[in-house]
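Printed here is upload-v4.cif (mmCIF, C-alpha atoms):
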```cif
data_model
loop_
_atom_site.label_atom_id
_atom_site.label_comp_id
_atom_site.auth_asym_id
_atom_site.auth_seq_id
_atom_site.Cartn_x
_atom_site.Cartn_y
_atom_site.Cartn_z
CA MET A 790 0.00 0.00 0.00
CA ALA A 791 1.04 3.55 -0.55
CA SER A 792 1.87 4.91 2.90
CA ASN A 793 0.99 8.50 2.05
CA ASN A 794 -2.37 7.48 0.51
CA PRO A 795 -3.89 4.71 2.69
CA GLY A 796 -6.11 2.28 0.80
CA TYR A 797 -4.31 2.85 -2.50
CA ILE A 798 -1.65 0.83 -4.30
CA ARG A 799 1.40 2.64 -5.68
CA VAL A 800 2.11 1.81 -9.31
CA ALA A 801 5.14 3.64 -10.68
CA SER A 802 6.46 4.08 -14.17
CA ASP A 803 10.08 3.21 -13.48
CA PHE A 804 11.30 4.35 -16.87
CA VAL A 805 12.02 7.71 -18.41
CA ILE A 806 10.86 8.90 -21.82
CA LYS A 807 12.40 12.38 -21.71
CA PRO A 808 15.39 12.51 -19.35
CA ILE A 809 16.57 15.83 -17.98
CA ARG A 810 20.23 16.84 -17.80
CA SER A 811 20.05 19.01 -14.70
CA SER A 812 18.00 19.07 -11.51
CA GLU A 813 17.06 22.66 -12.36
CA GLN A 814 14.93 21.27 -15.22
CA ARG A 815 12.80 19.24 -12.82
CA THR A 816 9.11 20.00 -12.54
CA SER A 817 6.48 18.47 -10.30
CA VAL A 818 4.35 17.66 -13.36
CA PRO A 819 4.48 13.98 -14.42
CA ASN A 820 5.16 13.16 -18.07
CA GLU A 821 1.78 12.47 -19.69
CA GLN A 822 3.22 9.84 -22.04
CA GLU A 823 4.77 7.91 -19.13
CA LEU A 824 1.43 8.06 -17.28
CA ALA A 825 -0.38 6.80 -20.40
CA PHE A 826 2.00 3.84 -20.82
CA THR A 827 1.67 2.95 -17.14
CA SER A 828 -2.14 3.23 -17.24
CA ALA A 829 -2.26 0.95 -20.31
CA TRP A 830 -0.03 -1.58 -18.53
CA VAL A 831 -2.22 -1.48 -15.40
CA LYS A 832 -5.36 -1.97 -17.51
CA GLU A 833 -3.85 -5.02 -19.24
CA HIS A 834 -2.06 -6.66 -16.31
CA MET A 835 -3.68 -5.59 -13.02
CA THR A 836 -7.25 -6.80 -13.24
CA GLY A 837 -9.57 -4.99 -10.88
CA LEU A 838 -7.32 -1.96 -10.43
CA HIS A 839 -8.61 1.30 -11.90
CA PRO A 840 -6.03 2.25 -14.59
CA VAL A 841 -6.41 6.02 -14.25
CA PRO A 842 -4.14 7.41 -11.49
CA GLU A 843 -5.83 8.95 -8.47
CA PHE A 844 -2.59 10.57 -7.32
CA THR A 845 0.57 11.40 -9.24
CA SER A 846 4.07 12.47 -8.31
CA THR A 847 7.52 12.79 -9.78
CA CYS A 848 10.90 11.47 -8.75
CA LEU A 849 14.42 12.73 -9.43
CA VAL A 850 16.77 9.79 -10.00
CA ALA A 851 20.30 9.42 -11.37
CA LEU A 852 20.37 7.13 -14.39
CA SER A 853 23.37 5.53 -16.06
CA LYS A 854 24.22 6.57 -19.60
CA ILE A 855 25.84 3.19 -20.21
CA ALA A 856 23.59 1.04 -22.40
CA ASN A 857 21.92 -1.82 -20.48
CA LYS A 858 23.45 -0.66 -17.19
CA GLU A 859 20.57 0.66 -15.12
CA LEU A 860 22.13 -0.42 -11.85
CA LEU A 861 25.87 -0.38 -11.13
CA VAL A 862 27.49 -2.56 -8.45
CA ASP A 863 31.23 -3.09 -8.60
CA PHE A 864 34.68 -2.17 -7.33
CA ALA A 865 35.97 1.28 -8.22
CA PRO A 866 37.93 1.47 -11.52
CA SER A 867 41.65 0.70 -11.31
CA HIS A 868 42.70 4.36 -11.79
CA VAL A 869 41.04 5.22 -8.45
CA PRO A 870 43.53 5.04 -5.56
CA ASN A 871 42.79 2.05 -3.30
CA CYS A 872 40.19 0.83 -5.83
CA GLU A 873 40.37 -2.70 -4.42
CA ASN A 874 39.00 -1.31 -1.13
CA ILE A 875 36.18 0.74 -2.65
CA VAL A 876 32.88 -0.78 -3.74
CA LEU A 877 30.01 1.19 -5.10
CA TYR A 878 26.36 1.06 -5.89
CA ALA A 879 24.96 3.76 -8.14
CA THR A 880 22.03 4.84 -10.31
CA GLY A 881 18.52 3.71 -10.81
CA TRP A 882 15.40 2.95 -8.84
CA ALA A 883 16.89 0.43 -6.47
CA ALA A 884 15.99 1.44 -2.92
CA LYS A 885 13.81 -1.65 -2.69
CA PHE A 886 16.96 -3.75 -3.20
CA ILE A 887 18.95 -2.15 -0.36
CA PRO A 888 18.94 -5.29 1.87
CA ILE A 889 20.40 -7.53 -0.85
CA LEU A 890 22.71 -4.77 -2.05
CA GLY A 891 23.99 -4.41 1.50
CA ASN A 892 24.84 -8.11 1.52
CA ILE A 893 26.57 -7.88 -1.86
CA LEU A 894 28.58 -4.79 -0.92
CA ALA A 895 29.59 -6.31 2.43
CA ASP A 896 30.74 -9.49 0.62
CA LEU A 897 32.81 -7.42 -1.82
CA VAL A 898 34.40 -5.29 0.90
CA LEU A 899 35.13 -8.14 3.32
CA ASP A 900 35.88 -11.00 0.92
CA GLY A 901 36.70 -9.32 -2.38
CA ARG A 902 33.94 -11.34 -4.08
CA THR A 903 30.30 -12.26 -3.72
CA SER A 904 28.33 -15.44 -4.37
CA PHE A 905 25.68 -13.35 -6.12
CA ASP A 906 26.03 -13.01 -9.89
CA ILE A 907 26.62 -9.28 -10.36
CA SER A 908 28.07 -9.55 -13.87
CA GLN A 909 25.11 -7.69 -15.36
CA PHE A 910 25.64 -4.81 -12.94
CA GLN A 911 29.39 -4.32 -13.23
CA LEU A 912 30.66 -0.97 -14.42
CA GLY A 913 31.82 -1.87 -17.89
CA TYR A 914 35.25 -0.31 -17.56
CA LYS A 915 35.54 0.56 -21.25
CA TYR A 916 33.16 3.43 -20.43
CA LEU A 917 35.14 4.69 -17.46
CA VAL A 918 38.36 6.44 -18.32
CA ARG A 919 40.52 8.79 -16.37
CA LEU A 920 40.07 12.36 -17.62
CA ASP A 921 43.01 14.73 -17.69
CA ASP A 922 42.64 18.25 -16.22
CA SER A 923 41.61 19.85 -19.53
CA GLN A 924 38.86 17.24 -20.04
CA LEU A 925 37.64 17.70 -16.47
CA ASP A 926 37.46 21.46 -17.01
CA LEU A 927 35.32 20.91 -20.14
CA ALA A 928 33.10 18.37 -18.40
CA ASN A 929 32.38 20.74 -15.51
CA ARG A 930 31.13 23.59 -17.70
#
```
Could you take the file, read its structure, and then write that structure out as structure tokens?
Amino acid sequence: MASNNPGYIRVASDFVIKPIRSSEQRTSVPNEQELAFTSAWVKEHMTGLHPVPEFTSTCLVALSKIANKELLVDFAPSHVPNCENIVLYATGWAAKFIPILGNILADLVLDGRTSFDISQFQLGYKYLVRLDDSQLDLANR
């Protein structure tokens, strides 16, 4: 149940049609196309649930730009000092996975490995490169 609206079920469109580049672009108005897709999905798959939203909201979330990498769980890249001692979890709608992520991150920190298959969530190091000072200056503009 949705805790802020007792008696209602929260159904969220955990995808983005039109991403924003800066938090300053955020509005509190949901994307109509995302609402329409979610309503159509509810109508087709959630029998008995009214497909038109009674309440709407928006959420600001960091999303990976790496294709097929919506959730990142891995050690820091090798160019990061002490990378073998730094594990990270980043991006996506994953708060609901915090208990299992905690177990995975603890395994990585304490044992250097985990029994969970995280291959689909690893960083994909070909996308992570060390930027020199001139590139960093350009990236921060």
Residues matched by the PyMOL selection byres ((chain A and resi 842) around 10), written as a ChimeraX atom specification: /A:799-800,824-825,827-828,831,838-841,843-845
Expected residue set, 12 Å radius at (31.2, -6.6, 1.0), all atoms listed in the file, as a VMD selection string: chain A and resid 862 to 864 873 to 878 889 to 905
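Restricting the calculation to only C-alpha atoms, the smallest distance between Ser817 of chain A and any of A:Met835, A:Ala884, A:Cys848, A:Gly796 is found for A:Cys848.
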Separation of atom CA of Asn820 of chain A from atom CA of Gly837 of chain A, in Å and rounded to one decimal: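 Atom CA of Gly837 of chain A lies 24.5 Å from atom CA of Asn820 of chain A.
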Interatomic distance, atom CA of Phe804 of chain A to atom CA of Ser908 of chain A (Å, one decimal):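 These atoms are spaced 22.0 Å apart.
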Using only C-alpha atoms: which of A:Leu860, A:Leu849, A:Ile798, A:Leu912 has the shortest distance to Ser811 of chain A: A:Leu849
Interatomic distance, atom CA of His834 of chain A to atom CA of Ala851 of chain A (Å, one decimal): 28.0 Å
From A:Ile887, A:Ser846, A:Glu823, A:Val818, residue lying nearest Asn793 of chain A [all atoms listed in the file]: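 Distance minimum relative to Asn793 of chain A lands on A:Ser846.
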Could you please fill out segment 886-906 of chain A with N, CA and C atoms and send it back as a PDB file, in the frame of the given file?
```
ATOM      1  N   PHE A 886      15.964  -2.677  -3.219  1.00  0.00           N
ATOM      2  CA  PHE A 886      16.960  -3.750  -3.200  1.00  0.00           C
ATOM      3  C   PHE A 886      18.049  -3.522  -2.150  1.00  0.00           C
ATOM      4  N   ILE A 887      17.904  -2.493  -1.321  1.00  0.00           N
ATOM      5  CA  ILE A 887      18.950  -2.150  -0.360  1.00  0.00           C
ATOM      6  C   ILE A 887      19.369  -3.337   0.517  1.00  0.00           C
ATOM      7  N   PRO A 888      18.461  -4.168   1.036  1.00  0.00           N
ATOM      8  CA  PRO A 888      18.940  -5.290   1.870  1.00  0.00           C
ATOM      9  C   PRO A 888      19.881  -6.234   1.123  1.00  0.00           C
ATOM     10  N   ILE A 889      19.531  -6.617  -0.102  1.00  0.00           N
ATOM     11  CA  ILE A 889      20.400  -7.530  -0.850  1.00  0.00           C
ATOM     12  C   ILE A 889      21.664  -6.806  -1.305  1.00  0.00           C
ATOM     13  N   LEU A 890      21.534  -5.526  -1.667  1.00  0.00           N
ATOM     14  CA  LEU A 890      22.710  -4.770  -2.050  1.00  0.00           C
ATOM     15  C   LEU A 890      23.678  -4.639  -0.886  1.00  0.00           C
ATOM     16  N   GLY A 891      23.143  -4.454   0.302  1.00  0.00           N
ATOM     17  CA  GLY A 891      23.990  -4.410   1.500  1.00  0.00           C
ATOM     18  C   GLY A 891      24.785  -5.688   1.662  1.00  0.00           C
ATOM     19  N   ASN A 892      24.134  -6.827   1.439  1.00  0.00           N
ATOM     20  CA  ASN A 892      24.840  -8.110   1.520  1.00  0.00           C
ATOM     21  C   ASN A 892      25.927  -8.211   0.460  1.00  0.00           C
ATOM     22  N   ILE A 893      25.601  -7.813  -0.765  1.00  0.00           N
ATOM     23  CA  ILE A 893      26.570  -7.880  -1.860  1.00  0.00           C
ATOM     24  C   ILE A 893      27.763  -6.972  -1.587  1.00  0.00           C
ATOM     25  N   LEU A 894      27.484  -5.729  -1.190  1.00  0.00           N
ATOM     26  CA  LEU A 894      28.580  -4.790  -0.920  1.00  0.00           C
ATOM     27  C   LEU A 894      29.440  -5.253   0.247  1.00  0.00           C
ATOM     28  N   ALA A 895      28.821  -5.791   1.282  1.00  0.00           N
ATOM     29  CA  ALA A 895      29.590  -6.310   2.430  1.00  0.00           C
ATOM     30  C   ALA A 895      30.483  -7.475   1.977  1.00  0.00           C
ATOM     31  N   ASP A 896      29.932  -8.378   1.151  1.00  0.00           N
ATOM     32  CA  ASP A 896      30.740  -9.490   0.620  1.00  0.00           C
ATOM     33  C   ASP A 896      31.958  -8.952  -0.131  1.00  0.00           C
ATOM     34  N   LEU A 897      31.723  -7.968  -1.009  1.00  0.00           N
ATOM     35  CA  LEU A 897      32.810  -7.420  -1.820  1.00  0.00           C
ATOM     36  C   LEU A 897      33.876  -6.763  -0.952  1.00  0.00           C
ATOM     37  N   VAL A 898      33.448  -5.990   0.046  1.00  0.00           N
ATOM     38  CA  VAL A 898      34.400  -5.290   0.900  1.00  0.00           C
ATOM     39  C   VAL A 898      35.176  -6.277   1.783  1.00  0.00           C
ATOM     40  N   LEU A 899      34.479  -7.233   2.367  1.00  0.00           N
ATOM     41  CA  LEU A 899      35.130  -8.140   3.320  1.00  0.00           C
ATOM     42  C   LEU A 899      35.868  -9.291   2.666  1.00  0.00           C
ATOM     43  N   ASP A 900      35.315  -9.813   1.549  1.00  0.00           N
ATOM     44  CA  ASP A 900      35.880 -11.000   0.920  1.00  0.00           C
ATOM     45  C   ASP A 900      36.475 -10.761  -0.461  1.00  0.00           C
ATOM     46  N   GLY A 901      36.193  -9.598  -1.043  1.00  0.00           N
ATOM     47  CA  GLY A 901      36.700  -9.320  -2.380  1.00  0.00           C
ATOM     48  C   GLY A 901      35.890  -9.986  -3.475  1.00  0.00           C
ATOM     49  N   ARG A 902      34.815 -10.650  -3.118  1.00  0.00           N
ATOM     50  CA  ARG A 902      33.940 -11.340  -4.080  1.00  0.00           C
ATOM     51  C   ARG A 902      32.597 -11.563  -3.424  1.00  0.00           C
ATOM     52  N   THR A 903      31.623 -11.942  -4.234  1.00  0.00           N
ATOM     53  CA  THR A 903      30.300 -12.260  -3.720  1.00  0.00           C
ATOM     54  C   THR A 903      29.764 -13.489  -4.420  1.00  0.00           C
ATOM     55  N   SER A 904      28.930 -14.249  -3.743  1.00  0.00           N
ATOM     56  CA  SER A 904      28.330 -15.440  -4.370  1.00  0.00           C
ATOM     57  C   SER A 904      27.186 -15.057  -5.302  1.00  0.00           C
ATOM     58  N   PHE A 905      26.738 -13.806  -5.228  1.00  0.00           N
ATOM     59  CA  PHE A 905      25.680 -13.350  -6.120  1.00  0.00           C
ATOM     60  C   PHE A 905      26.272 -13.010  -7.485  1.00  0.00           C
ATOM     61  N   ASP A 906      25.577 -13.335  -8.543  1.00  0.00           N
ATOM     62  CA  ASP A 906      26.030 -13.010  -9.890  1.00  0.00           C
ATOM     63  C   ASP A 906      25.747 -11.536 -10.157  1.00  0.00           C
TER      64      ASP A 906
END
```
